[in-house]
Amino acid sequence: MDLQKEQLLAIRVRERFLEELRGVNETGARFGLRLSEQGMLEIAQARTRALVDHGRVELGESAVRRIVDGFCDSPYLLQEDYEATLLELVDAFYYFKNECGEQLTDDELIGAMRERDDAYDGSVEAVIGTSLESLCRARRFGLEEEDDWEEDDDERDDEQ
Amino acid sequence: MTNVTTSSELIVLIPETRSYSENPESLFLLLEERIRRYTMGDSTSVPVDTARRLLESILYCLELERRVRKPNQAEDNIKSRWQKGVDEAKRIAKRAKLLLLQAQRTSPPLTNTAYCDTLTALPAFFAGYDADFFAQEIPCSFDYPLCQPVSDALLGAEYIKDFLRRLLAENTLLRAFAPETLLALYEKYYIDYADLLVNLYLPAAEMAVLCALSAAPVCALSLTPEQLASLNKKLLSISGAEALQTIEDAAESALLELGLSGDFLCAYTKQTARDLLVRLRASDPA
């Protein structure tokens, strides 16, 4: 694969992803949420970084669209935090995806993340700071208040 | 790492991708399609290792198709070529399964633990082989050492088919001898032929060649120390080319005397004889 072809392919792939994000904006617009062009580029970078960091490959349709679909109707999601929240959720999504050993589908995982988010009044820290076990337990058996999710956060840091 | 692009991810996954220069985008799209099929839409991403295995399978099937394509046949698009490669891998797996059945029916008169374990393990290959996604993989583990091992360049069903072809050739020769003859030979050759990880064909083939060389009955598989010393002397006293010809002729006449034929068996036994000659000449102190 020569360098020129490689670069051409990379540009087309990136363009396709940005196009997907523009489509995401159409969904978000119904809830007053919009990604700026700069925000889209940041999300594209964050997604690539998350995929590399968590050792995953994603070609074609990305999970970002599904994440937006899963969270855009959250009453806690506001335009001013939208891009920052999405960046956090994208990274957490790929982390949990690896953690679950391919046992959860994208939609199941996003559903579990959303339930956690709702239970903690839209606290994205509660979603990214929890463990996969807590996330799944809450999804299966209903959520019990956890006072110690900060500890889970520490555990996650240790694992990384 | 933020600058890692998707196409260079592919190259990191498998450096051989770099040699696939004809149309990287078509390869990329095919991999994308295979990942989608593999996850059945449940997941948009897969671990790097899974993507690497899927990509290796695509490249292997394309290579398989290239090898079986007729010289004057026009090249199809990548998807059709990959599909033909998958079909070819499945055809080879079917052929290998027939060889396994044949091997199970034609065991040698004496076997050992490694041999039996291997024949027990091989059916797992056919149960687990997945040409659509992982055509290059060998989903079973076996350890019987062949006299002439299969090339590491072979993968998937091709490897298993070649392994069984070689095993059958070895079985054919061993079945020409009585169990007690083989037992006597193994007891001299190995400390514990039954439990050690040793090849059963090698001692029989070598002794058969040496018997033919000294005009002793091949089916007896036995030579006195004096006969062996004399043979050694004879092989070392002539030129390398002459010795090679002599030992190859002996391999051929041993097979003839045992009433065995077949190009592959003949070539296999001749190679074993050539290896024996190399060892004999290497052990010559002069």
# chains A, B, ... in the order shown; residues from 1 in each chain; ligands from 1
$ interface_residues --of "chain A" --to "chain B" --cutoff "10 Å" --atoms "only C-alpha atoms" --output "mmCIF file with N, CA, C and O atoms, in the first residue's frame"
data_model
loop_
_atom_site.group_PDB
_atom_site.id
_atom_site.type_symbol
_atom_site.label_atom_id
_atom_site.label_comp_id
_atom_site.auth_asym_id
_atom_site.auth_seq_id
_atom_site.Cartn_x
_atom_site.Cartn_y
_atom_site.Cartn_z
ATOM 1 N N MET A 1 0.850 -1.174 0.000
ATOM 2 C CA MET A 1 0.000 0.000 0.000
ATOM 3 C C MET A 1 0.898 1.241 0.000
ATOM 4 O O MET A 1 1.638 1.448 0.958
ATOM 5 N N ASP A 2 0.904 2.040 -1.090
ATOM 6 C CA ASP A 2 1.834 3.163 -1.063
ATOM 7 C C ASP A 2 1.257 4.326 -0.257
ATOM 8 O O ASP A 2 0.056 4.390 0.047
ATOM 9 N N LEU A 3 2.153 5.250 0.083
ATOM 10 C CA LEU A 3 1.814 6.313 1.014
ATOM 11 C C LEU A 3 0.652 7.170 0.521
ATOM 12 O O LEU A 3 -0.244 7.540 1.286
ATOM 13 N N LYS A 5 -1.801 6.338 -1.535
ATOM 14 C CA LYS A 5 -3.072 5.615 -1.424
ATOM 15 C C LYS A 5 -3.518 5.572 0.029
ATOM 16 O O LYS A 5 -4.701 5.686 0.327
ATOM 17 N N GLU A 6 -2.546 5.369 0.910
ATOM 18 C CA GLU A 6 -2.841 5.315 2.336
ATOM 19 C C GLU A 6 -3.463 6.611 2.809
ATOM 20 O O GLU A 6 -4.487 6.625 3.498
ATOM 21 N N GLN A 7 -2.826 7.721 2.403
ATOM 22 C CA GLN A 7 -3.312 9.034 2.840
ATOM 23 C C GLN A 7 -4.702 9.318 2.272
ATOM 24 O O GLN A 7 -5.582 9.819 2.967
ATOM 25 N N LEU A 8 -4.876 8.935 1.015
ATOM 26 C CA LEU A 8 -6.156 9.139 0.354
ATOM 27 C C LEU A 8 -7.262 8.390 1.087
ATOM 28 O O LEU A 8 -8.347 8.918 1.350
ATOM 29 N N LEU A 9 -6.939 7.155 1.438
ATOM 30 C CA LEU A 9 -7.906 6.319 2.147
ATOM 31 C C LEU A 9 -8.219 6.923 3.514
ATOM 32 O O LEU A 9 -9.384 6.999 3.923
ATOM 33 N N ALA A 10 -7.161 7.384 4.200
ATOM 34 C CA ALA A 10 -7.347 7.972 5.534
ATOM 35 C C ALA A 10 -8.262 9.198 5.454
ATOM 36 O O ALA A 10 -9.150 9.382 6.293
ATOM 37 N N ILE A 11 -8.045 10.007 4.413
ATOM 38 C CA ILE A 11 -8.867 11.221 4.255
ATOM 39 C C ILE A 11 -10.325 10.832 4.010
ATOM 40 O O ILE A 11 -11.249 11.379 4.607
ATOM 41 N N ARG A 12 -10.519 9.820 3.167
ATOM 42 C CA ARG A 12 -11.897 9.408 2.847
ATOM 43 C C ARG A 12 -12.600 8.837 4.068
ATOM 44 O O ARG A 12 -13.786 9.078 4.287
ATOM 45 N N VAL A 13 -11.828 8.086 4.867
ATOM 46 C CA VAL A 13 -12.414 7.488 6.075
ATOM 47 C C VAL A 13 -12.809 8.590 7.049
ATOM 48 O O VAL A 13 -13.896 8.586 7.625
ATOM 49 N N ARG A 14 -11.922 9.578 7.212
ATOM 50 C CA ARG A 14 -12.201 10.677 8.130
ATOM 51 C C ARG A 14 -13.416 11.484 7.642
ATOM 52 O O ARG A 14 -14.286 11.838 8.431
ATOM 53 N N ALA A 44 -13.740 13.169 16.570
ATOM 54 C CA ALA A 44 -13.045 12.243 15.671
ATOM 55 C C ALA A 44 -11.703 11.845 16.272
ATOM 56 O O ALA A 44 -11.315 10.671 16.263
ATOM 57 N N GLN A 45 -10.999 12.821 16.823
ATOM 58 C CA GLN A 45 -9.697 12.547 17.448
ATOM 59 C C GLN A 45 -9.872 11.697 18.697
ATOM 60 O O GLN A 45 -9.120 10.749 18.920
ATOM 61 N N ALA A 46 -10.874 12.050 19.500
ATOM 62 C CA ALA A 46 -11.106 11.318 20.756
ATOM 63 C C ALA A 46 -11.468 9.865 20.464
ATOM 64 O O ALA A 46 -11.023 8.949 21.157
ATOM 65 N N ARG A 47 -12.245 9.661 19.430
ATOM 66 C CA ARG A 47 -12.641 8.294 19.063
ATOM 67 C C ARG A 47 -11.412 7.491 18.640
ATOM 68 O O ARG A 47 -11.205 6.368 19.094
ATOM 69 N N THR A 48 -10.586 8.096 17.769
ATOM 70 C CA THR A 48 -9.375 7.394 17.324
ATOM 71 C C THR A 48 -8.479 7.076 18.523
ATOM 72 O O THR A 48 -7.971 5.958 18.643
ATOM 73 N N ARG A 49 -8.328 8.065 19.412
ATOM 74 C CA ARG A 49 -7.471 7.867 20.586
ATOM 75 C C ARG A 49 -8.038 6.751 21.470
ATOM 76 O O ARG A 49 -7.308 5.884 21.934
ATOM 77 N N ALA A 50 -9.355 6.755 21.668
ATOM 78 C CA ALA A 50 -9.991 5.737 22.511
ATOM 79 C C ALA A 50 -9.817 4.348 21.893
ATOM 80 O O ALA A 50 -9.523 3.378 22.590
ATOM 81 N N LEU A 51 -9.989 4.273 20.581
ATOM 82 C CA LEU A 51 -9.839 2.977 19.902
ATOM 83 C C LEU A 51 -8.416 2.451 20.057
ATOM 84 O O LEU A 51 -8.204 1.273 20.352
ATOM 85 N N VAL A 52 -7.452 3.338 19.864
ATOM 86 C CA VAL A 52 -6.042 2.923 19.987
ATOM 87 C C VAL A 52 -5.740 2.545 21.435
ATOM 88 O O VAL A 52 -5.174 1.480 21.709
ATOM 89 N N ASP A 53 -6.161 3.415 22.372
ATOM 90 C CA ASP A 53 -5.867 3.163 23.793
ATOM 91 C C ASP A 53 -6.492 1.859 24.279
ATOM 92 O O ASP A 53 -5.901 1.144 25.081
ATOM 93 N N HIS A 54 -7.692 1.574 23.817
ATOM 94 C CA HIS A 54 -8.381 0.379 24.311
ATOM 95 C C HIS A 54 -8.203 -0.815 23.380
ATOM 96 O O HIS A 54 -8.839 -1.856 23.570
ATOM 97 N N GLY A 55 -7.364 -0.667 22.374
ATOM 98 C CA GLY A 55 -7.030 -1.799 21.499
ATOM 99 C C GLY A 55 -8.207 -2.302 20.689
ATOM 100 O O GLY A 55 -8.453 -3.509 20.624
ATOM 101 N N ARG A 56 -8.944 -1.378 20.087
ATOM 102 C CA ARG A 56 -10.082 -1.798 19.280
ATOM 103 C C ARG A 56 -9.999 -1.219 17.873
ATOM 104 O O ARG A 56 -9.306 -0.219 17.640
ATOM 105 N N VAL A 57 -10.704 -1.872 16.955
ATOM 106 C CA VAL A 57 -10.749 -1.398 15.571
ATOM 107 C C VAL A 57 -12.207 -1.186 15.200
ATOM 108 O O VAL A 57 -13.057 -2.032 15.492
ATOM 109 N N GLU A 58 -12.470 -0.048 14.568
ATOM 110 C CA GLU A 58 -13.847 0.237 14.161
ATOM 111 C C GLU A 58 -13.807 0.787 12.736
ATOM 112 O O GLU A 58 -13.258 1.859 12.498
ATOM 113 N N LEU A 59 -14.332 0.043 11.814
ATOM 114 C CA LEU A 59 -14.386 0.495 10.421
ATOM 115 C C LEU A 59 -15.858 0.701 10.083
ATOM 116 O O LEU A 59 -16.725 0.049 10.644
ATOM 117 N N GLY A 60 -16.116 1.554 9.164
ATOM 118 C CA GLY A 60 -17.515 1.781 8.791
ATOM 119 C C GLY A 60 -18.241 2.601 9.840
ATOM 120 O O GLY A 60 -17.657 3.487 10.464
ATOM 121 N N GLU A 61 -19.492 2.236 10.062
ATOM 122 C CA GLU A 61 -20.318 3.010 11.004
ATOM 123 C C GLU A 61 -19.684 3.009 12.398
ATOM 124 O O GLU A 61 -19.189 1.977 12.846
ATOM 125 N N SER A 62 -19.694 4.177 13.053
ATOM 126 C CA SER A 62 -19.069 4.232 14.381
ATOM 127 C C SER A 62 -20.140 4.137 15.465
ATOM 128 O O SER A 62 -21.332 4.335 15.207
ATOM 129 N N ALA A 63 -19.659 3.872 16.682
ATOM 130 C CA ALA A 63 -20.600 3.761 17.805
ATOM 131 C C ALA A 63 -21.059 5.136 18.275
ATOM 132 O O ALA A 63 -22.013 5.228 19.053
ATOM 133 N N VAL A 64 -20.380 6.185 17.799
ATOM 134 C CA VAL A 64 -20.714 7.540 18.273
ATOM 135 C C VAL A 64 -22.176 7.860 17.985
ATOM 136 O O VAL A 64 -22.887 8.406 18.821
ATOM 137 N N ARG A 66 -24.624 5.794 17.759
ATOM 138 C CA ARG A 66 -25.488 5.063 18.693
ATOM 139 C C ARG A 66 -25.459 5.702 20.084
ATOM 140 O O ARG A 66 -26.475 5.717 20.792
ATOM 141 N N TYR A 94 -15.805 2.768 24.835
ATOM 142 C CA TYR A 94 -14.822 1.799 24.316
ATOM 143 C C TYR A 94 -14.105 1.068 25.457
ATOM 144 O O TYR A 94 -13.736 -0.095 25.315
ATOM 145 N N LYS A 97 -16.573 -1.495 26.601
ATOM 146 C CA LYS A 97 -16.753 -2.477 25.519
ATOM 147 C C LYS A 97 -15.668 -3.556 25.624
ATOM 148 O O LYS A 97 -15.932 -4.745 25.465
ATOM 149 N N ASN A 98 -14.476 -3.115 25.905
ATOM 150 C CA ASN A 98 -13.376 -4.063 26.080
ATOM 151 C C ASN A 98 -13.549 -4.869 27.353
ATOM 152 O O ASN A 98 -13.319 -6.073 27.368
ATOM 153 N N GLY A 101 -15.724 -7.959 27.414
ATOM 154 C CA GLY A 101 -15.280 -9.142 26.655
ATOM 155 C C GLY A 101 -16.258 -9.527 25.565
ATOM 156 O O GLY A 101 -16.532 -10.706 25.348
ATOM 157 N N GLU A 102 -16.807 -8.562 24.912
ATOM 158 C CA GLU A 102 -17.726 -8.756 23.776
ATOM 159 C C GLU A 102 -19.034 -9.445 24.194
ATOM 160 O O GLU A 102 -19.736 -10.002 23.365
ATOM 161 N N LEU A 104 -21.562 -7.890 25.735
ATOM 162 C CA LEU A 104 -22.696 -6.965 25.604
ATOM 163 C C LEU A 104 -22.695 -6.360 24.210
ATOM 164 O O LEU A 104 -21.631 -6.047 23.671
ATOM 165 N N THR A 105 -23.871 -6.187 23.653
ATOM 166 C CA THR A 105 -23.936 -5.490 22.361
ATOM 167 C C THR A 105 -23.763 -3.994 22.630
ATOM 168 O O THR A 105 -23.891 -3.541 23.772
ATOM 169 N N ASP A 106 -23.516 -3.244 21.568
ATOM 170 C CA ASP A 106 -23.364 -1.788 21.721
ATOM 171 C C ASP A 106 -24.608 -1.197 22.377
ATOM 172 O O ASP A 106 -24.516 -0.386 23.301
ATOM 173 N N ASP A 107 -25.769 -1.617 21.886
ATOM 174 C CA ASP A 107 -27.012 -1.028 22.392
ATOM 175 C C ASP A 107 -27.239 -1.374 23.863
ATOM 176 O O ASP A 107 -27.710 -0.538 24.639
ATOM 177 N N GLU A 108 -26.896 -2.607 24.260
ATOM 178 C CA GLU A 108 -27.057 -2.986 25.672
ATOM 179 C C GLU A 108 -26.151 -2.143 26.561
ATOM 180 O O GLU A 108 -26.559 -1.688 27.630
#
$ select_by_dssp --residues "stretch 9-190 of chain B" --states "helix (DSSP H, G or I)" --output "JSON, numbers by chain"
{"B": [9, 10, 11, 12, 13, 15, 16, 17, 18, 19, 24, 25, 26, 27, 28, 29, 30, 31, 32, 33, 34, 35, 36, 37, 38, 39, 48, 49, 50, 51, 52, 53, 54, 55, 56, 57, 58, 59, 60, 61, 62, 63, 64, 65, 66, 67, 68, 78, 79, 80, 81, 82, 83, 84, 85, 86, 87, 88, 89, 90, 91, 92, 93, 94, 95, 96, 97, 98, 99, 100, 101, 102, 103, 104, 105, 113, 114, 115, 116, 117, 118, 119, 120, 121, 123, 124, 125, 126, 127, 128, 131, 132, 133, 134, 156, 157, 158, 159, 160, 161, 162, 163, 164, 165, 166, 167, 168, 169, 170, 171, 172, 173, 174, 179, 180, 181, 182, 183, 184, 185, 186, 187, 188, 189]}
$ residues_around --residues "stretch 74-76 of chain A" --least-positions-apart "6" --cutoff "9 Å" --atoms "only C-alpha atoms" --output "JSON, numbers by chain"
{"A": [31, 114, 117, 118, 121, 122, 123]}
$ residues_around --residues "stretch 88-101 of chain B" --least-positions-apart "3" --cutoff "9 Å" --atoms "only C-alpha atoms" --output "ChimeraX atom specification"
/B:61,64-65,68,83-85,104-106,119,122-123,126,129-132,135-136,156-158,160-162,164-165,168
$ write_last_selection --atoms "N, CA, C and O atoms" --output "short mmCIF file (atom, residue, chain, number, x, y, z; two decimals), in the first residue's frame"
data_model
loop_
_atom_site.label_atom_id
_atom_site.label_comp_id
_atom_site.auth_asym_id
_atom_site.auth_seq_id
_atom_site.Cartn_x
_atom_site.Cartn_y
_atom_site.Cartn_z
N CYS B 61 -7.18 -16.04 1.99
CA CYS B 61 -8.12 -16.51 0.96
C CYS B 61 -7.80 -15.91 -0.40
O CYS B 61 -7.94 -16.58 -1.43
N LEU B 64 -4.93 -17.86 -1.66
CA LEU B 64 -5.39 -19.19 -2.05
C LEU B 64 -6.03 -19.13 -3.44
O LEU B 64 -5.78 -19.97 -4.30
N GLU B 65 -6.84 -18.11 -3.66
CA GLU B 65 -7.51 -17.94 -4.95
C GLU B 65 -6.49 -17.69 -6.05
O GLU B 65 -6.59 -18.22 -7.15
N VAL B 68 -4.88 -20.98 -7.15
CA VAL B 68 -5.70 -21.94 -7.90
C VAL B 68 -6.26 -21.35 -9.20
O VAL B 68 -6.81 -22.09 -10.01
N GLN B 83 -14.18 -14.69 -2.07
CA GLN B 83 -15.20 -15.74 -1.96
C GLN B 83 -14.70 -17.05 -2.57
O GLN B 83 -14.92 -18.13 -2.02
N LYS B 84 -14.02 -16.93 -3.72
CA LYS B 84 -13.47 -18.14 -4.35
C LYS B 84 -12.40 -18.77 -3.45
O LYS B 84 -12.29 -20.00 -3.38
N GLY B 85 -11.64 -17.93 -2.79
CA GLY B 85 -10.63 -18.43 -1.85
C GLY B 85 -11.27 -19.16 -0.69
O GLY B 85 -10.80 -20.23 -0.27
N GLN B 104 -7.89 -42.93 10.03
CA GLN B 104 -8.48 -43.67 11.15
C GLN B 104 -8.68 -45.14 10.80
O GLN B 104 -8.61 -46.00 11.67
N ARG B 105 -8.92 -45.40 9.52
CA ARG B 105 -9.14 -46.79 9.08
C ARG B 105 -7.83 -47.54 8.87
O ARG B 105 -7.82 -48.77 8.88
N THR B 106 -6.76 -46.82 8.65
CA THR B 106 -5.50 -47.49 8.27
C THR B 106 -4.37 -47.17 9.25
O THR B 106 -3.30 -46.72 8.85
N LEU B 119 -4.75 -38.43 16.52
CA LEU B 119 -5.93 -38.87 15.76
C LEU B 119 -7.23 -38.53 16.51
O LEU B 119 -8.27 -38.28 15.90
N LEU B 122 -7.66 -34.49 16.02
CA LEU B 122 -7.90 -33.91 14.69
C LEU B 122 -9.37 -33.64 14.34
O LEU B 122 -9.67 -32.64 13.68
N PRO B 123 -10.33 -34.48 14.78
CA PRO B 123 -11.73 -34.16 14.45
C PRO B 123 -12.16 -32.78 14.95
O PRO B 123 -13.04 -32.15 14.37
N PHE B 126 -12.16 -30.07 12.32
CA PHE B 126 -13.29 -29.97 11.39
C PHE B 126 -14.53 -29.39 12.07
O PHE B 126 -15.36 -28.76 11.44
N TYR B 129 -13.30 -25.46 12.44
CA TYR B 129 -12.75 -24.69 11.31
C TYR B 129 -13.81 -23.76 10.72
O TYR B 129 -14.93 -24.18 10.44
N ASP B 130 -13.44 -22.49 10.56
CA ASP B 130 -14.39 -21.49 10.08
C ASP B 130 -13.76 -20.75 8.90
O ASP B 130 -13.10 -19.72 9.08
N ALA B 131 -13.96 -21.29 7.70
CA ALA B 131 -13.32 -20.71 6.51
C ALA B 131 -13.86 -19.32 6.18
O ALA B 131 -13.17 -18.52 5.57
N ASP B 132 -15.09 -19.02 6.61
CA ASP B 132 -15.67 -17.72 6.29
C ASP B 132 -15.00 -16.57 7.05
O ASP B 132 -14.93 -15.46 6.54
N ALA B 135 -10.05 -18.51 8.01
CA ALA B 135 -9.64 -19.62 7.14
C ALA B 135 -8.20 -20.05 7.39
O ALA B 135 -7.82 -21.17 7.05
N GLN B 136 -7.40 -19.17 7.95
CA GLN B 136 -5.98 -19.47 8.13
C GLN B 136 -5.69 -20.18 9.45
O GLN B 136 -4.56 -20.57 9.71
N GLY B 156 -4.25 -23.19 7.96
CA GLY B 156 -5.63 -23.68 7.93
C GLY B 156 -5.78 -25.11 7.45
O GLY B 156 -5.00 -26.00 7.82
N ALA B 157 -6.78 -25.32 6.59
CA ALA B 157 -7.08 -26.67 6.10
C ALA B 157 -5.94 -27.23 5.25
O ALA B 157 -5.73 -28.44 5.21
N GLU B 158 -5.21 -26.34 4.61
CA GLU B 158 -4.07 -26.79 3.79
C GLU B 158 -3.05 -27.52 4.66
O GLU B 158 -2.48 -28.53 4.27
N ILE B 160 -3.58 -29.03 7.57
CA ILE B 160 -4.13 -30.30 8.06
C ILE B 160 -4.12 -31.34 6.93
O ILE B 160 -3.80 -32.50 7.14
N LYS B 161 -4.47 -30.90 5.74
CA LYS B 161 -4.50 -31.83 4.61
C LYS B 161 -3.10 -32.38 4.34
O LYS B 161 -2.92 -33.59 4.15
N ASP B 162 -2.12 -31.50 4.36
CA ASP B 162 -0.75 -31.95 4.10
C ASP B 162 -0.25 -32.86 5.24
O ASP B 162 0.43 -33.85 4.99
N LEU B 164 -2.07 -34.84 7.05
CA LEU B 164 -2.70 -36.15 6.91
C LEU B 164 -2.15 -36.93 5.71
O LEU B 164 -2.02 -38.15 5.76
N ARG B 165 -1.80 -36.22 4.67
CA ARG B 165 -1.22 -36.87 3.49
C ARG B 165 0.11 -37.53 3.87
O ARG B 165 0.39 -38.67 3.51
N LEU B 168 -0.54 -40.51 6.23
CA LEU B 168 -1.02 -41.68 5.48
C LEU B 168 0.13 -42.37 4.76
O LEU B 168 0.17 -43.61 4.69
#
$ residues_around --residues "B:Ser141" --least-positions-apart "6" --cutoff "10 Å" --atoms "only C-alpha atoms" --output "list in words"
Asp117, Thr118, Ala121, Leu122, Ala124 and Phe125 of chain B
$ closest_residue --among "B:Cys266, B:Leu183, B:Ala243, B:Leu54" --to "B:Glu137" --atoms "only C-alpha atoms"
B:Leu54
$ residues_around --residues "A:Arg22" --least-positions-apart "4" --cutoff "10 Å" --atoms "only C-alpha atoms" --output "list in words"
Arg16, Phe17, Leu18, Glu26, Thr27, Gly28, Arg34, Leu35, Ser36, Glu37, Met40 and Arg65 of chain A
$ closest_residue --among "B:Val150, B:Leu244, B:Ala250, B:Leu182" --to "B:Ala215" --atoms "only C-alpha atoms"
B:Ala250
$ residues_around --residues "B:Leu255" --least-positions-apart "5" --cutoff "10 Å" --atoms "only C-alpha atoms" --output "list in words"
Leu173, Ala176, Ala205, Ala208, Val209, Ala212, Val218, Ala250, Leu260, Ser261, Gly262, Leu265, Cys266 and Thr269 of chain B
$ atom_distance --atom1 "atom CA of B:Leu258" --atom2 "atom CA of B:Phe177"
8.6 Å
